Amino acid sequence: MTRIFSGIKPTGHLTLGNYLGAVRQWVEADQKPDDALFCVVDLHALTVDHDPARVRRLSRQAATLLLAAGLSPDRCTLFVQSHVDEHTRLAYLLECTATDGELRRMVQYKEKAAQARGAGAGVRLSLLTYPVLMAADILAYGSEEVPVGEDQRQHVELTRDLAVRFNQRYGHTFTMPRAVHPAVAARVMDLQDPASKMGKSFGEGPGVVFLLDEPEAVRRKVMRAVTDSGDGGVVYDRAGRPGVANLLDILAACTGGDPAALAGGYGGYGALKRDVADAVVEVLRPLRERHAELAADPAAVDRVLREGAARARALARPVVDRAYEAIGLLAP
């Protein structure tokens, strides 16, 4: 069986983009007994200024939503990153393998560092090195497939580079992972800014549909979505008509259709928006209902996370111990 690893960062409330672009794929195709690991990567949330209580709250909420979406502890391993020490143990070895130049070339680092400097804030060293921690997340488990969004492809490529370099210098230690992407709606865009990804870190942005939004809020956000100027009607053109293309991508992901084919069924934006709103509300309805049930029993969620961390630790420790030996460290 193929070992799969993926994670989600608790920097904000999970969005429709997180669900359609990643979580639903995990539930429907990726979770497999003993060979799929899904992680709330809370350590990655510390790379920028944060409220400790909010990180804890969002970590629990993310885990609860993943269970509500359909991840089953009987079919996969769900855990919190900071509960498994092997992530940070391996990250330092990979920092000793990576170079300053390749980390500074990471697009997300350059963008986020520029934003921080523009706001007059300092740039945390962890923002530069977090792709190495991400590489450790992946390599510690012998992962072969990493379901990620397009914006994370560069980080998986770095992970592959570090694995090759480590294996060549110190002997074969790590399995070579590859990024995999869902065919439709891999990157859901902001309803108000279709040039930007629908991100969970954008507070209460009017273009972001959150998984726990009430149906009325979902409909309001979709009906106010930005479309494109011109009289070309409803056509699927990502480059020329990004607002309409985003709505068609969302509708296709919710209904199982093809976005280009769906475009032919609409003569105007109003009907398209109404159908998108209806589809999103129905997709999120069972998730919201199940989340309410799970949130009422936090002890059960904690038990799932404890058991998941124990399974993850048992898988990662032999790999990380082997890396420690390979790089030249004495066994304790």
# chains A, B, ... in the order shown; residues from 1 in each chain; ligands from 1
$ select_by_dssp --residues "range 137-288 of chain A" --states "strand (DSSP E)" --output "PyMOL selection string"
chain A and resi 145-147+178-180
$ write_last_selection --atoms "C-alpha atoms" --output "JSON list (two decimals), in the first residue's frame"
[["chain", "number", "residue", "atom", "x", "y", "z"],
["A", 145, "GLU", "CA", 2.36, 10.54, -1.66],
["A", 146, "VAL", "CA", 1.69, 14.00, -0.26],
["A", 147, "PRO", "CA", -1.74, 15.46, -1.14],
["A", 178, "ARG", "CA", 5.73, 13.01, -4.58],
["A", 179, "ALA", "CA", 3.02, 15.67, -4.51],
["A", 180, "VAL", "CA", -0.46, 14.71, -5.69]]
$ residues_around --residues "Tyr130 in chain A" --least-positions-apart "5" --cutoff "12 Å" --atoms "only C-alpha atoms" --output "compact mmCIF listing (two decimals) with N, CA and C atoms, in the first residue's frame"
# COMPACT_ATOMS: atom_id res chain seq x y z
N LYS A 9 -2.76 23.43 8.66
CA LYS A 9 -2.20 24.36 9.65
C LYS A 9 -3.32 25.13 10.36
N VAL A 41 -0.83 20.52 11.84
CA VAL A 41 0.57 20.93 11.98
C VAL A 41 0.66 22.23 12.78
N ASP A 42 0.46 22.09 14.08
CA ASP A 42 0.39 23.27 14.94
C ASP A 42 1.72 24.00 15.07
N LEU A 43 2.85 23.30 14.96
CA LEU A 43 4.13 23.98 15.06
C LEU A 43 4.31 24.99 13.93
N HIS A 44 3.73 24.72 12.78
CA HIS A 44 3.84 25.65 11.66
C HIS A 44 3.07 26.95 11.92
N ALA A 45 2.12 26.91 12.83
CA ALA A 45 1.35 28.11 13.16
C ALA A 45 2.15 29.10 13.99
N LEU A 46 3.34 28.70 14.45
CA LEU A 46 4.13 29.56 15.32
C LEU A 46 5.13 30.40 14.55
N THR A 47 5.14 30.31 13.23
CA THR A 47 6.13 31.03 12.43
C THR A 47 5.81 32.51 12.30
N VAL A 48 4.61 32.91 12.70
CA VAL A 48 4.21 34.33 12.67
C VAL A 48 3.61 34.69 14.03
N HIS A 87 9.14 14.82 14.78
CA HIS A 87 9.12 15.88 13.78
C HIS A 87 10.25 16.88 14.02
N THR A 88 10.38 17.33 15.25
CA THR A 88 11.43 18.31 15.53
C THR A 88 12.81 17.66 15.61
N ALA A 91 13.80 17.49 12.02
CA ALA A 91 13.92 18.80 11.38
C ALA A 91 15.34 19.35 11.53
N TYR A 92 15.96 19.16 12.70
CA TYR A 92 17.31 19.71 12.86
C TYR A 92 18.30 19.01 11.93
N LEU A 94 17.69 17.83 9.06
CA LEU A 94 17.45 18.34 7.70
C LEU A 94 17.89 19.78 7.57
N GLU A 95 17.85 20.56 8.66
CA GLU A 95 18.44 21.90 8.62
C GLU A 95 19.94 21.82 8.36
N ALA A 98 20.01 21.21 4.48
CA ALA A 98 19.53 22.28 3.59
C ALA A 98 20.54 23.42 3.54
N LEU A 103 16.37 27.87 0.87
CA LEU A 103 15.24 28.26 1.71
C LEU A 103 14.79 29.68 1.39
N ARG A 104 15.72 30.57 1.11
CA ARG A 104 15.34 31.94 0.78
C ARG A 104 14.67 32.05 -0.59
N MET A 106 12.24 30.08 -1.48
CA MET A 106 10.86 29.63 -1.34
C MET A 106 9.90 30.80 -1.53
N GLN A 108 6.74 31.27 -0.75
CA GLN A 108 5.94 31.68 0.40
C GLN A 108 6.79 32.46 1.41
N TYR A 109 8.06 32.10 1.57
CA TYR A 109 8.90 32.87 2.47
C TYR A 109 9.06 34.29 1.97
N ARG A 124 10.46 36.13 11.65
CA ARG A 124 10.95 35.06 12.51
C ARG A 124 11.80 34.08 11.71
N LEU A 125 12.87 33.59 12.34
CA LEU A 125 13.73 32.61 11.69
C LEU A 125 12.92 31.38 11.29
N ALA A 135 9.42 19.19 5.53
CA ALA A 135 10.11 18.03 4.97
C ALA A 135 10.24 16.92 6.01
N ALA A 136 10.52 17.30 7.25
CA ALA A 136 10.61 16.30 8.32
C ALA A 136 9.26 15.64 8.55
N ASP A 137 8.18 16.43 8.51
CA ASP A 137 6.84 15.86 8.66
C ASP A 137 6.63 14.71 7.67
N HIS A 155 7.44 23.21 -1.84
CA HIS A 155 7.94 22.64 -0.60
C HIS A 155 8.14 21.13 -0.71
N LEU A 158 11.36 20.65 -2.47
CA LEU A 158 12.48 20.80 -1.54
C LEU A 158 12.66 19.53 -0.71
N THR A 159 11.56 18.96 -0.25
CA THR A 159 11.62 17.72 0.52
C THR A 159 12.33 16.63 -0.28
$ residues_around --residues "Ala163 in chain A" --least-positions-apart "2" --cutoff "9 Å" --atoms "only C-alpha atoms" --output "VMD selection string"
chain A and resid 94 135 139 158 to 161 165 to 168 172 to 177
$ select_by_dssp --residues "range 52-251 of chain A" --states "helix (DSSP H, G or I)" --output "VMD selection string"
chain A and resid 52 to 69 81 to 83 86 to 95 100 to 104 107 to 118 125 to 139 150 to 170 215 to 223 242 to 251
$ closest_residue --among "A:Val319, A:Ala279, A:Cys96, A:Val304" --to "Thr129 in chain A" --atoms "only C-alpha atoms"
A:Cys96
